[in-house]
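Containing mmCIF, C-alpha atoms and all ligand atoms: data-v7.cif.
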data_work
#
loop_
_atom_site.label_atom_id
_atom_site.label_comp_id
_atom_site.auth_asym_id
_atom_site.auth_seq_id
_atom_site.Cartn_x
_atom_site.Cartn_y
_atom_site.Cartn_z
CA MET N 1 117.25 109.56 98.18
CA ASN N 2 116.79 110.65 94.61
CA MET N 3 118.59 113.58 93.15
CA LEU N 4 116.62 115.45 90.58
CA THR N 5 117.76 118.44 88.64
CA ILE N 6 115.11 121.07 88.34
CA GLY N 7 116.27 123.99 86.28
CA ASN N 8 119.75 124.49 87.63
CA MET N 9 118.69 123.91 91.18
CA LYS N 10 119.26 120.54 92.78
CA LYS N 11 116.54 119.34 95.08
CA GLU N 12 116.35 116.18 97.06
CA ILE N 13 113.21 114.16 97.07
CA LYS N 14 112.83 111.76 99.92
CA ILE N 15 111.53 108.37 98.86
CA MET N 16 111.17 105.58 101.39
CA GLN N 17 111.43 101.89 100.61
CA THR N 18 108.83 99.39 101.71
CA SER N 19 107.84 95.86 100.78
CA ALA N 20 104.89 93.53 100.55
CA GLN N 21 106.22 91.42 103.42
CA LEU N 22 104.82 91.94 106.88
CA THR N 23 107.23 91.21 109.70
CA PHE N 24 106.35 89.65 113.04
CA GLN N 25 106.55 93.16 114.47
CA ASP N 26 103.91 94.38 112.00
CA LYS N 27 101.57 91.54 112.91
CA LEU N 28 102.02 92.07 116.63
CA GLY N 29 101.38 95.78 116.16
CA ALA N 30 98.16 95.04 114.28
CA TRP N 31 96.96 92.76 117.05
CA LYS N 32 97.72 95.38 119.68
CA ALA N 33 95.91 98.10 117.75
CA ARG N 34 92.81 95.89 117.60
CA TRP N 35 92.82 95.72 121.38
CA GLY N 36 93.31 99.44 121.65
CA ILE N 37 96.94 99.27 122.79
CA ASN N 38 98.93 102.18 121.44
CA ARG N 39 96.08 102.56 118.95
CA MET N 40 96.29 106.32 118.52
CA ASN N 41 99.96 106.32 117.79
CA TYR N 42 100.18 103.61 115.16
CA LYS N 43 101.44 105.62 112.24
CA VAL N 44 103.83 105.62 109.35
CA GLU N 45 105.57 108.67 107.98
CA PRO N 46 103.57 110.43 105.27
CA GLY N 47 105.30 110.72 101.90
CA LEU N 48 106.24 108.65 98.91
CA TYR N 49 107.16 104.98 99.20
CA ARG N 50 108.62 102.60 96.71
CA LEU N 51 107.33 99.03 96.75
CA GLY N 52 109.43 96.61 94.73
CA ASN N 53 111.20 98.42 91.96
CA PRO N 54 108.81 100.94 90.39
CA ASN N 55 109.69 103.11 87.42
CA GLU N 56 108.13 106.17 85.83
CA ASN N 57 105.29 104.10 84.38
CA SER N 58 104.38 102.27 87.56
CA PRO N 59 101.00 102.91 89.18
CA VAL N 60 100.67 105.30 92.11
CA LEU N 61 98.48 104.12 95.00
CA VAL N 62 97.30 106.62 97.58
CA THR N 63 96.61 105.63 101.18
CA ALA N 64 96.41 106.85 104.79
CA ASN N 65 99.21 106.90 107.35
CA TYR N 66 97.48 104.63 109.88
CA LYS N 67 99.96 101.77 109.93
CA LEU N 68 97.26 99.10 109.92
CA THR N 69 95.88 100.62 106.71
CA PHE N 70 99.30 100.97 105.11
CA ASP N 71 100.24 97.40 106.01
CA SER N 72 96.98 95.91 104.76
CA LEU N 73 97.58 97.62 101.41
CA ARG N 74 101.21 96.67 100.91
CA LYS N 75 100.69 93.08 101.93
CA GLU N 76 98.41 92.70 98.88
CA LEU N 77 101.00 94.04 96.47
CA SER N 78 103.50 91.19 96.40
CA GLY N 79 105.09 90.77 93.01
CA LEU N 80 104.08 94.26 91.86
CA ASP N 81 106.22 97.35 91.45
CA THR N 82 104.27 100.39 92.61
CA TRP N 83 104.55 103.78 94.20
CA ILE N 84 102.61 104.36 97.40
CA LEU N 85 101.73 107.92 98.31
CA VAL N 86 100.90 108.10 102.01
CA LEU N 87 98.80 111.07 103.09
CA ASP N 88 99.01 112.54 106.56
CA THR N 89 95.70 111.47 108.08
CA LYS N 90 96.99 111.74 111.68
CA GLY N 91 97.16 107.98 111.99
CA ILE N 92 93.52 107.42 111.09
CA ASN N 93 92.19 105.00 108.49
CA VAL N 94 91.01 106.07 105.06
CA TRP N 95 87.28 105.91 105.75
CA CYS N 96 87.25 107.90 108.99
CA ALA N 97 89.86 110.32 107.70
CA ALA N 98 87.82 110.93 104.54
CA GLY N 99 84.78 111.70 106.70
CA LYS N 100 86.83 114.23 108.64
CA GLY N 101 88.41 115.62 105.48
CA THR N 102 92.02 114.82 106.45
CA PHE N 103 92.08 112.24 103.68
CA GLY N 104 91.02 114.96 101.31
CA SER N 105 91.64 116.93 98.15
CA ASN N 106 93.83 119.52 99.90
CA GLU N 107 96.14 117.09 101.63
CA LEU N 108 96.42 115.06 98.43
CA ILE N 109 97.30 118.07 96.29
CA ASN N 110 99.83 119.29 98.87
CA ARG N 111 101.43 115.91 99.33
CA MET N 112 101.80 115.49 95.56
CA ALA N 113 103.59 118.82 95.44
CA ILE N 114 105.89 117.98 98.37
CA VAL N 115 107.06 114.71 96.81
CA GLN N 116 107.03 116.25 93.32
CA LEU N 117 105.07 113.38 91.95
CA ASP N 118 104.85 114.93 88.51
CA LYS N 119 108.65 114.57 88.23
CA ILE N 120 108.69 110.98 89.38
CA VAL N 121 106.10 109.41 87.14
CA ALA N 122 105.52 110.02 83.47
CA HIS N 123 101.83 109.14 83.53
CA ARG N 124 99.08 111.24 85.11
CA THR N 125 96.94 108.78 87.03
CA LEU N 126 96.35 108.22 90.74
CA ILE N 127 94.63 105.23 92.26
CA LEU N 128 92.72 106.09 95.41
CA PRO N 129 90.84 103.73 97.68
CA GLN N 130 87.14 104.07 97.01
CA LEU N 131 86.50 104.64 100.71
CA GLY N 132 88.51 107.85 100.42
CA ALA N 133 85.90 109.35 98.08
CA PRO N 134 83.87 111.15 100.80
CA GLY N 135 86.91 113.38 101.35
CA VAL N 136 88.22 113.79 97.83
CA SER N 137 86.75 115.59 94.89
CA ALA N 138 88.23 113.79 91.91
CA HIS N 139 87.44 116.52 89.38
CA GLU N 140 89.01 119.18 91.61
CA VAL N 141 92.22 117.21 92.04
CA THR N 142 92.38 116.87 88.26
CA LYS N 143 91.77 120.57 87.82
CA TYR N 144 94.67 121.54 90.10
CA THR N 145 97.20 118.83 89.36
CA GLY N 146 96.40 117.42 85.96
CA PHE N 147 96.27 113.97 87.49
CA LYS N 148 93.28 111.78 86.85
CA VAL N 149 91.81 110.12 89.92
CA ILE N 150 90.68 106.53 89.64
CA TYR N 151 88.90 104.99 92.58
CA GLY N 152 90.12 101.49 93.28
CA PRO N 153 88.24 98.77 95.09
CA VAL N 154 86.84 99.10 98.61
CA ARG N 155 89.02 96.31 99.97
CA ALA N 156 92.79 96.16 99.64
CA LYS N 157 92.67 92.46 98.85
CA ASP N 158 91.09 93.23 95.45
CA ILE N 159 93.71 95.77 94.44
CA LYS N 160 95.94 93.39 92.52
CA GLU N 161 93.07 92.05 90.46
CA PHE N 162 91.93 95.61 89.86
CA ILE N 163 95.32 96.73 88.55
CA GLN N 164 95.83 93.60 86.49
CA SER N 165 92.41 93.88 84.87
CA GLY N 166 93.27 97.35 83.61
CA MET N 167 91.69 99.35 86.47
CA LYS N 168 88.29 97.77 86.22
CA ALA N 169 86.31 97.24 89.40
CA THR N 170 83.42 94.82 89.54
CA PRO N 171 80.28 95.93 91.46
CA GLU N 172 81.37 93.38 94.04
CA MET N 173 84.67 95.22 94.56
CA ARG N 174 82.76 98.50 94.86
CA THR N 175 80.49 97.38 97.68
CA LEU N 176 81.18 97.86 101.33
CA LYS N 177 80.58 94.61 103.18
CA PHE N 178 80.32 93.77 106.81
CA SER N 179 81.12 90.10 107.20
CA VAL N 180 81.12 88.05 110.39
CA TYR N 181 84.91 88.35 110.41
CA ASP N 182 84.77 92.14 109.92
CA ARG N 183 82.43 92.37 112.87
CA LEU N 184 84.40 89.96 115.02
CA VAL N 185 87.68 91.87 114.78
CA LEU N 186 85.88 95.00 115.99
CA THR N 187 84.47 93.44 119.13
CA PRO N 188 87.64 93.46 121.29
CA ILE N 189 87.84 97.23 121.23
CA GLU N 190 84.13 97.50 121.95
CA PHE N 191 84.63 95.30 124.98
CA VAL N 192 87.71 97.15 126.19
CA GLY N 193 85.66 100.35 126.01
CA THR N 194 83.18 98.98 128.55
CA ILE N 195 85.76 98.07 131.19
CA LYS N 196 86.12 101.52 132.71
CA PRO N 197 82.41 102.30 133.13
CA SER N 198 81.85 98.76 134.41
CA LEU N 199 84.52 99.18 137.09
CA ILE N 200 82.83 102.41 138.17
CA ILE N 201 79.50 100.58 138.44
CA PHE N 202 81.09 97.78 140.48
CA GLY N 203 82.66 100.40 142.73
CA VAL N 204 79.27 102.04 143.34
CA LEU N 205 77.62 98.70 144.07
CA PHE N 206 80.41 97.83 146.48
CA LEU N 207 79.89 101.12 148.32
CA LEU N 208 76.15 100.48 148.46
CA ASN N 209 76.93 97.09 149.94
CA LEU N 210 79.14 98.71 152.57
CA MET N 211 76.38 101.17 153.37
CA GLY N 212 74.03 98.28 153.89
CA LEU N 213 71.93 99.10 150.85
CA GLY N 214 72.89 95.85 149.15
CA PRO N 215 73.43 93.12 149.03
CA PHE N 216 74.67 93.04 145.50
CA GLY N 217 76.17 89.67 144.80
CA LEU N 218 77.29 87.19 142.25
CA VAL N 219 74.02 87.09 140.32
CA ASP N 220 74.08 90.85 139.77
CA PHE N 221 77.68 90.55 138.68
CA TYR N 222 77.35 87.81 136.10
CA GLY N 223 73.95 89.08 134.97
CA TYR N 224 75.45 92.45 134.22
CA MET N 225 78.58 91.03 132.58
CA GLY N 226 76.39 88.83 130.41
CA ALA N 227 74.40 91.86 129.32
CA VAL N 228 77.64 93.67 128.45
CA ILE N 229 78.98 90.78 126.41
CA ILE N 230 75.64 90.44 124.62
CA GLY N 231 75.67 94.13 123.74
CA CYS N 232 79.21 94.46 122.53
CA VAL N 233 80.15 91.00 121.25
CA LEU N 234 77.18 88.74 120.61
CA THR N 235 74.85 91.31 119.01
CA PRO N 236 77.58 92.60 116.63
CA VAL N 237 78.50 89.07 115.58
CA LEU N 238 74.90 87.90 115.06
CA LEU N 239 73.77 91.26 113.65
CA PRO N 240 71.97 90.33 110.41
CA PHE N 241 70.40 87.26 111.96
CA ILE N 242 68.61 89.11 114.73
CA PRO N 243 65.13 90.26 113.67
CA GLY N 244 64.48 93.98 113.27
CA ARG N 245 66.57 96.86 111.94
CA ALA N 246 67.52 99.23 114.74
CA PHE N 247 70.69 98.22 116.60
CA ALA N 248 69.32 99.10 120.04
CA TRP N 249 66.33 96.88 119.34
CA LYS N 250 68.53 93.97 118.34
CA GLY N 251 70.61 94.31 121.50
CA TRP N 252 67.49 94.67 123.64
CA LEU N 253 65.98 91.51 122.20
CA LEU N 254 69.02 89.36 123.02
CA GLY N 255 69.34 91.09 126.39
CA LEU N 256 65.74 90.17 127.18
CA VAL N 257 66.42 86.52 126.49
CA TRP N 258 69.40 86.77 128.81
CA ALA N 259 67.46 88.48 131.62
CA ILE N 260 64.79 85.81 131.50
CA LEU N 261 67.48 83.13 131.52
CA VAL N 262 69.19 84.67 134.57
CA ASN N 263 65.87 84.81 136.42
CA TRP N 264 65.00 81.28 135.48
CA LEU N 265 68.43 79.93 136.48
CA ASN N 266 67.93 81.47 139.92
CA GLY N 267 64.66 79.76 140.50
CA TRP N 268 62.06 82.22 139.28
CA PRO N 269 59.10 81.71 139.23
CA SER N 270 59.15 78.38 141.11
CA ASN N 271 61.18 79.61 144.08
CA PRO N 272 58.94 81.78 146.29
CA GLN N 273 62.05 83.43 147.81
CA TYR N 274 62.79 84.96 144.45
CA SER N 275 60.71 88.08 144.33
CA LEU N 276 58.89 89.49 141.38
CA LEU N 277 60.51 92.87 142.01
CA GLN N 278 63.98 91.46 141.52
CA ALA N 279 62.95 89.54 138.41
CA LEU N 280 61.35 92.64 136.97
CA GLY N 281 64.38 94.72 137.88
CA TYR N 282 66.65 92.44 135.88
CA VAL N 283 64.28 92.46 132.94
CA LEU N 284 64.38 96.24 132.94
CA VAL N 285 68.12 96.68 133.49
CA PHE N 286 69.95 93.95 131.55
CA PRO N 287 68.25 94.32 128.15
CA ALA N 288 68.65 98.10 128.42
CA VAL N 289 72.39 97.73 129.01
CA SER N 290 72.70 95.41 126.00
CA ALA N 291 70.59 97.80 123.92
CA PHE N 292 72.83 100.73 124.75
CA LEU N 293 76.04 98.90 123.86
CA ALA N 294 74.52 97.49 120.68
CA MET N 295 73.42 100.99 119.72
CA ASN N 296 77.00 102.15 120.13
CA PHE N 297 78.05 99.56 117.58
CA THR N 298 76.34 101.67 114.89
CA GLY N 299 79.59 103.61 114.71
CA SER N 300 81.58 100.52 113.86
CA SER N 301 79.12 99.20 111.34
CA THR N 302 79.40 100.02 107.67
CA TYR N 303 75.77 100.45 106.75
CA THR N 304 74.26 103.02 109.13
CA SER N 305 73.46 106.61 108.24
CA LEU N 306 73.40 109.59 110.57
CA SER N 307 69.70 110.16 109.87
CA GLY N 308 68.97 106.54 110.74
CA VAL N 309 71.01 106.62 113.93
CA LEU N 310 69.31 109.86 115.03
CA LYS N 311 65.90 108.33 114.44
CA GLU N 312 66.81 105.22 116.39
CA MET N 313 68.30 107.21 119.26
CA ARG N 314 65.32 109.50 119.69
CA ILE N 315 63.36 106.48 120.86
CA ALA N 316 66.09 104.27 122.27
CA VAL N 317 67.95 106.69 124.51
CA PRO N 318 64.97 107.85 126.64
CA ALA N 319 63.65 104.28 126.78
CA ILE N 320 67.02 102.94 127.95
CA ILE N 321 67.42 105.59 130.63
CA ILE N 322 63.90 105.14 132.00
CA SER N 323 64.23 101.37 131.95
CA ILE N 324 67.55 101.36 133.81
CA VAL N 325 66.41 103.89 136.42
CA ILE N 326 63.15 102.05 137.21
CA GLY N 327 64.92 98.69 137.15
CA CYS N 328 67.58 99.84 139.61
CA LEU N 329 64.90 101.30 141.91
CA LEU N 330 63.01 98.02 141.91
CA ILE N 331 66.15 96.07 142.78
CA LEU N 332 67.02 98.52 145.55
CA VAL N 333 63.48 98.48 146.96
CA ASN N 334 63.54 94.71 146.80
CA SER N 335 66.64 94.53 148.97
CA PHE N 336 64.80 96.47 151.70
CA ILE N 337 61.77 94.27 151.98
CA MET E 1 72.87 88.02 104.24
CA LYS E 2 72.42 91.68 103.35
CA HIS E 3 72.34 94.14 106.20
CA GLN E 4 69.36 96.44 106.25
CA TYR E 5 69.09 99.57 108.31
CA LEU E 6 66.13 101.92 108.84
CA LYS E 7 64.04 102.76 105.79
CA ASN E 8 63.08 106.18 104.37
CA VAL E 9 65.54 108.22 106.40
CA THR E 10 68.30 109.35 104.04
CA THR E 11 68.67 113.02 103.16
CA LEU E 12 70.00 112.14 99.70
CA LYS E 13 68.58 114.20 96.84
CA LEU E 14 69.17 113.83 93.13
CA ASP E 15 68.37 116.55 90.62
CA GLN E 16 68.14 114.66 87.36
CA SER E 17 67.98 117.84 85.30
CA LEU E 18 71.62 118.59 86.23
CA CYS E 19 72.83 115.05 85.71
CA THR E 20 74.83 114.23 82.61
CA GLY E 21 75.00 110.52 83.29
CA CYS E 22 78.77 110.59 83.74
CA GLY E 23 78.61 107.70 86.16
CA LYS E 24 81.06 109.03 88.73
CA CYS E 25 78.53 108.50 91.53
CA THR E 26 78.17 104.82 90.66
CA GLU E 27 81.95 104.53 90.95
CA VAL E 28 82.23 106.01 94.45
CA CYS E 29 79.03 104.89 96.18
CA PRO E 30 79.90 102.04 98.55
CA HIS E 31 76.34 100.75 98.66
CA GLN E 32 75.31 100.68 95.00
CA VAL E 33 72.60 103.28 95.48
CA PHE E 34 72.78 104.51 91.89
CA ALA E 35 72.44 103.12 88.40
CA ILE E 36 72.68 104.90 85.08
CA ILE E 37 69.45 104.30 83.22
CA ASN E 38 68.93 105.91 79.79
CA SER E 39 72.04 108.09 80.32
CA LYS E 40 70.65 109.56 83.53
CA CYS E 41 71.41 108.68 87.09
CA SER E 42 68.67 107.00 89.10
CA THR E 43 68.57 105.97 92.73
CA ILE E 44 67.79 102.27 92.70
CA ASP E 45 68.40 101.50 96.36
CA LYS E 46 67.98 104.69 98.31
CA ASP E 47 67.46 102.95 101.66
CA SER E 48 71.03 101.66 101.55
CA CYS E 49 72.46 105.18 101.52
CA ILE E 50 74.71 105.83 104.52
CA GLU E 51 75.07 109.57 103.87
CA CYS E 52 78.82 109.35 103.47
CA GLY E 53 78.84 112.18 100.96
CA ALA E 54 81.15 110.50 98.44
CA CYS E 55 78.71 110.94 95.55
CA VAL E 56 78.08 114.62 96.29
CA LYS E 57 81.78 115.36 96.55
CA ASN E 58 82.54 113.62 93.26
CA CYS E 59 79.61 114.66 91.11
CA PRO E 60 81.15 117.21 88.74
CA PHE E 61 77.75 118.70 87.90
CA HIS E 62 76.32 119.30 91.39
CA ALA E 63 73.34 117.08 90.74
CA LEU E 64 73.48 115.47 94.17
CA GLU E 65 72.88 116.68 97.67
CA VAL E 66 73.06 115.02 101.08
CA ARG E 67 73.65 116.02 104.67
CA PRO E 68 76.84 114.06 105.23
CA GLY E 69 77.51 112.56 108.63
CA VAL E 70 78.65 109.56 110.55
CA GLY E 71 76.10 106.93 111.53
CA CYS E 72 77.62 106.61 114.97
CA ALA E 73 75.63 106.75 118.21
CA ALA E 74 78.72 107.55 120.28
CA ALA E 75 79.40 110.59 118.10
CA VAL E 76 75.78 111.72 118.44
CA ILE E 77 75.88 111.40 122.23
CA LYS E 78 79.09 113.38 122.28
CA SER E 79 77.54 116.09 120.14
CA TRP E 80 74.54 116.25 122.49
CA LEU E 81 76.82 116.68 125.48
CA THR E 82 79.27 119.13 123.98
CA GLY E 83 77.18 120.87 121.37
CA GLY E 84 78.32 120.86 117.78
CA GLU E 85 78.02 118.40 114.94
CA PRO E 86 78.46 114.65 115.41
CA SER E 87 81.88 113.84 114.06
CA CYS E 88 83.97 110.75 113.96
CA ASP E 89 86.25 111.27 116.92
CA CYS E 90 88.31 108.16 117.13
CA SER E 91 90.09 109.02 120.35
CA SER E 92 86.86 108.19 122.17
CA GLY E 93 87.97 104.59 121.83
CA GLY E 94 85.22 103.37 119.53
CA GLY E 95 86.02 100.65 117.08
CA CYS E 96 84.97 102.55 114.01
CA CYS E 97 88.37 103.82 113.16
CA SER E 98 90.46 100.72 113.58
S1 LIG N 401 75.98 109.49 100.34
FE1 LIG N 401 77.36 107.73 100.14
S2 LIG N 401 76.05 105.95 100.42
FE2 LIG N 401 74.71 107.67 100.01
S3 LIG N 401 74.37 107.60 97.83
FE3 LIG N 401 76.09 108.99 98.16
S4 LIG N 401 77.88 107.70 97.99
FE4 LIG N 401 76.14 106.31 98.22
S1 LIG N 402 78.04 111.91 89.21
FE1 LIG N 402 76.46 113.46 89.02
S2 LIG N 402 76.32 113.89 86.87
FE2 LIG N 402 77.49 112.00 87.05
S3 LIG N 402 75.92 110.39 86.85
FE3 LIG N 402 76.12 110.80 89.02
S4 LIG N 402 74.57 112.36 89.45
FE4 LIG N 402 74.82 112.31 87.25
#
Show the structure stored in the file as structure tokens.
Amino acid sequence: MNMLTIGNMKKEIKIMQTSAQLTFQDKLGAWKARWGINRMNYKVEPGLYRLGNPNENSPVLVTANYKLTFDSLRKELSGLDTWILVLDTKGINVWCAAGKGTFGSNELINRMAIVQLDKIVAHRTLILPQLGAPGVSAHEVTKYTGFKVIYGPVRAKDIKEFIQSGMKATPEMRTLKFSVYDRLVLTPIEFVGTIKPSLIIFGVLFLLNLMGLGPFGLVDFYGYMGAVIIGCVLTPVLLPFIPGRAFAWKGWLLGLVWAILVNWLNGWPSNPQYSLLQALGYVLVFPAVSAFLAMNFTGSSTYTSLSGVLKEMRIAVPAIIISIVIGCLLILVNSFI
Amino acid sequence: MKHQYLKNVTTLKLDQSLCTGCGKCTEVCPHQVFAIINSKCSTIDKDSCIECGACVKNCPFHALEVRPGVGCAAAVIKSWLTGGEPSCDCSSGGGCCS
């Protein structure tokens, strides 16, 4: 706690200490959040933090109170003495919170007032993550607080270089990337998201089996699971290497290869027992499932626009629904004859 | 390899007559859509715009306009089902907000 004298009134300002070291606990927490465990409640307290031993001339970095975000920032600051101002973004990362406006001008101005930032530092400069810019109006913050807003690099790992080079960002630092690794770490949560609907589908198939409308067996099971994994893991990872632009299309293409493979593995077309209806059913259902899940990955990607997604969906969604419905009918009809 | 999404879809608009060439938009745009040419802003890679709204929010001279939104199919589906604007609702379990 700091004691500051303002006029003749004493007021306490709460400042929390943090460090650039991540503990085992922090790393475990990050891993769990990636898998969606306790994801919505992974927060740090908003307010002012001290990293190292900052003084009145030390830089002030602004971030969100999602703990994964906070940790990925501080781990890059080893050897530096800085202030970290954590905004209350309800435990959501900078980019999403900026889109919602919780990482925004108002919260920033309020938070600066609560921690009395103007009394703590002598300079008048804030460093914000560039990805916070959709929520913050730099000139308005300056107008109300007198602080100048500098947008730092997109990625936390560049922050040290940015500060040490006198707040200069290269175009490289300013560009939002989407590397194989970036995409890979997002796939677990995509997969976890499919478990519940998949269990419902298995339940329905099981009931149909009981009612004698089956039989749905192993091939249906692994065929479907393959389509799911293609949609939410393989397509995201291979994204730029798959021809075409729309996500649903990319997923559909890989799904088609898979459906043909499943048919071929089960003896089509050489095995006369293997009916054309069933083969066609798979070709209609599996790629459509992959297409749908791949389309959902637009939200995790860093280069899609709302207008683009709307355009893609206007074609993809009806096509996916029709394809799945007809495919399921064919498979059902096939099991009767 | 550079990612490329659909072409000719962005709602981004630039009114050069209001632009002073201050360069703020080049600082905030995460996809290098702008460049300052002859002290005026120009869009050099409009198809990379993701409609995040950062440039509009930070242009002090109101020279830019965009319909901001999230490029997220799950959010669009949700908005179709519930009415309202597509917004980034992370509790739906998507990976976007991790
Ligand atoms: S809306 Fe975002 S991506 Fe598009 S030009 Fe503006 S800052 Fe760049
Ligand atoms: S921020 Fe606005 S005024 Fe400044 S260069 Fe960009 S468009 Fe022009």
Pull the closest atom pair for each residue of chain N that gets at most 9 Å from ligand LIG 401 (chain N), along with the distance in Å to one decimal, counting all atoms listed in the file, ordering rows by chain and then ascending residue number, as CSV.
residue,atom,partner,partner_atom,distance
N:Ala133,CA,N:LIG401,S4,8.2
N:Pro134,CA,N:LIG401,FE1,7.4
N:Tyr303,CA,N:LIG401,S2,8.4
N:Ser305,CA,N:LIG401,S2,8.3
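Distances here use only C-alpha atoms; by that measure, the residue among N:Leu208, N:Val219, N:Ala227, N:Ile195 closest to Asn263 of chain N is N:Val219.
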For ligand LIG 402 (chain N), list the contacting residues at 7 Å or closer, counting all atoms listed in the file, as an mmCIF file with C-alpha atoms, in the frame of the given file.
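Result file selection01.cif:
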data_model
loop_
_atom_site.group_PDB
_atom_site.id
_atom_site.type_symbol
_atom_site.label_atom_id
_atom_site.label_comp_id
_atom_site.auth_asym_id
_atom_site.auth_seq_id
_atom_site.Cartn_x
_atom_site.Cartn_y
_atom_site.Cartn_z
ATOM 1 C CA LEU E 14 69.170 113.830 93.130
ATOM 2 C CA LEU E 18 71.620 118.590 86.230
ATOM 3 C CA CYS E 19 72.830 115.050 85.710
ATOM 4 C CA THR E 20 74.830 114.230 82.610
ATOM 5 C CA GLY E 21 75.000 110.520 83.290
ATOM 6 C CA CYS E 22 78.770 110.590 83.740
ATOM 7 C CA GLY E 23 78.610 107.700 86.160
ATOM 8 C CA LYS E 24 81.060 109.030 88.730
ATOM 9 C CA CYS E 25 78.530 108.500 91.530
ATOM 10 C CA THR E 26 78.170 104.820 90.660
ATOM 11 C CA ILE E 36 72.680 104.900 85.080
ATOM 12 C CA LYS E 40 70.650 109.560 83.530
ATOM 13 C CA CYS E 41 71.410 108.680 87.090
ATOM 14 C CA CYS E 55 78.710 110.940 95.550
ATOM 15 C CA ASN E 58 82.540 113.620 93.260
ATOM 16 C CA CYS E 59 79.610 114.660 91.110
ATOM 17 C CA PRO E 60 81.150 117.210 88.740
ATOM 18 C CA PHE E 61 77.750 118.700 87.900
ATOM 19 C CA HIS E 62 76.320 119.300 91.390
ATOM 20 C CA ALA E 63 73.340 117.080 90.740
ATOM 21 C CA LEU E 64 73.480 115.470 94.170
#
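Atom to atom, atom CA of Ser19 of chain N and atom CA of Gly52 of chain N stand 6.3 Å apart.
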Within 6 Å of chain E, which residues of chain N are there when counting only C-alpha atoms? Please give them as a VMD selection string.
chain N and resid 96 130 133 to 134 137 to 138 174 to 176 186 189 240 245 296 298 to 300 303 to 309
Atom CA of Val283 of chain N and atom CA of Ile320 of chain N are how many Å apart?
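Those two atoms sit 11.9 Å apart.
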Using Å and a single decimal, report how far atom CA of Asn38 of chain N sits from atom CA of Leu239 of chain N.
28.5 Å
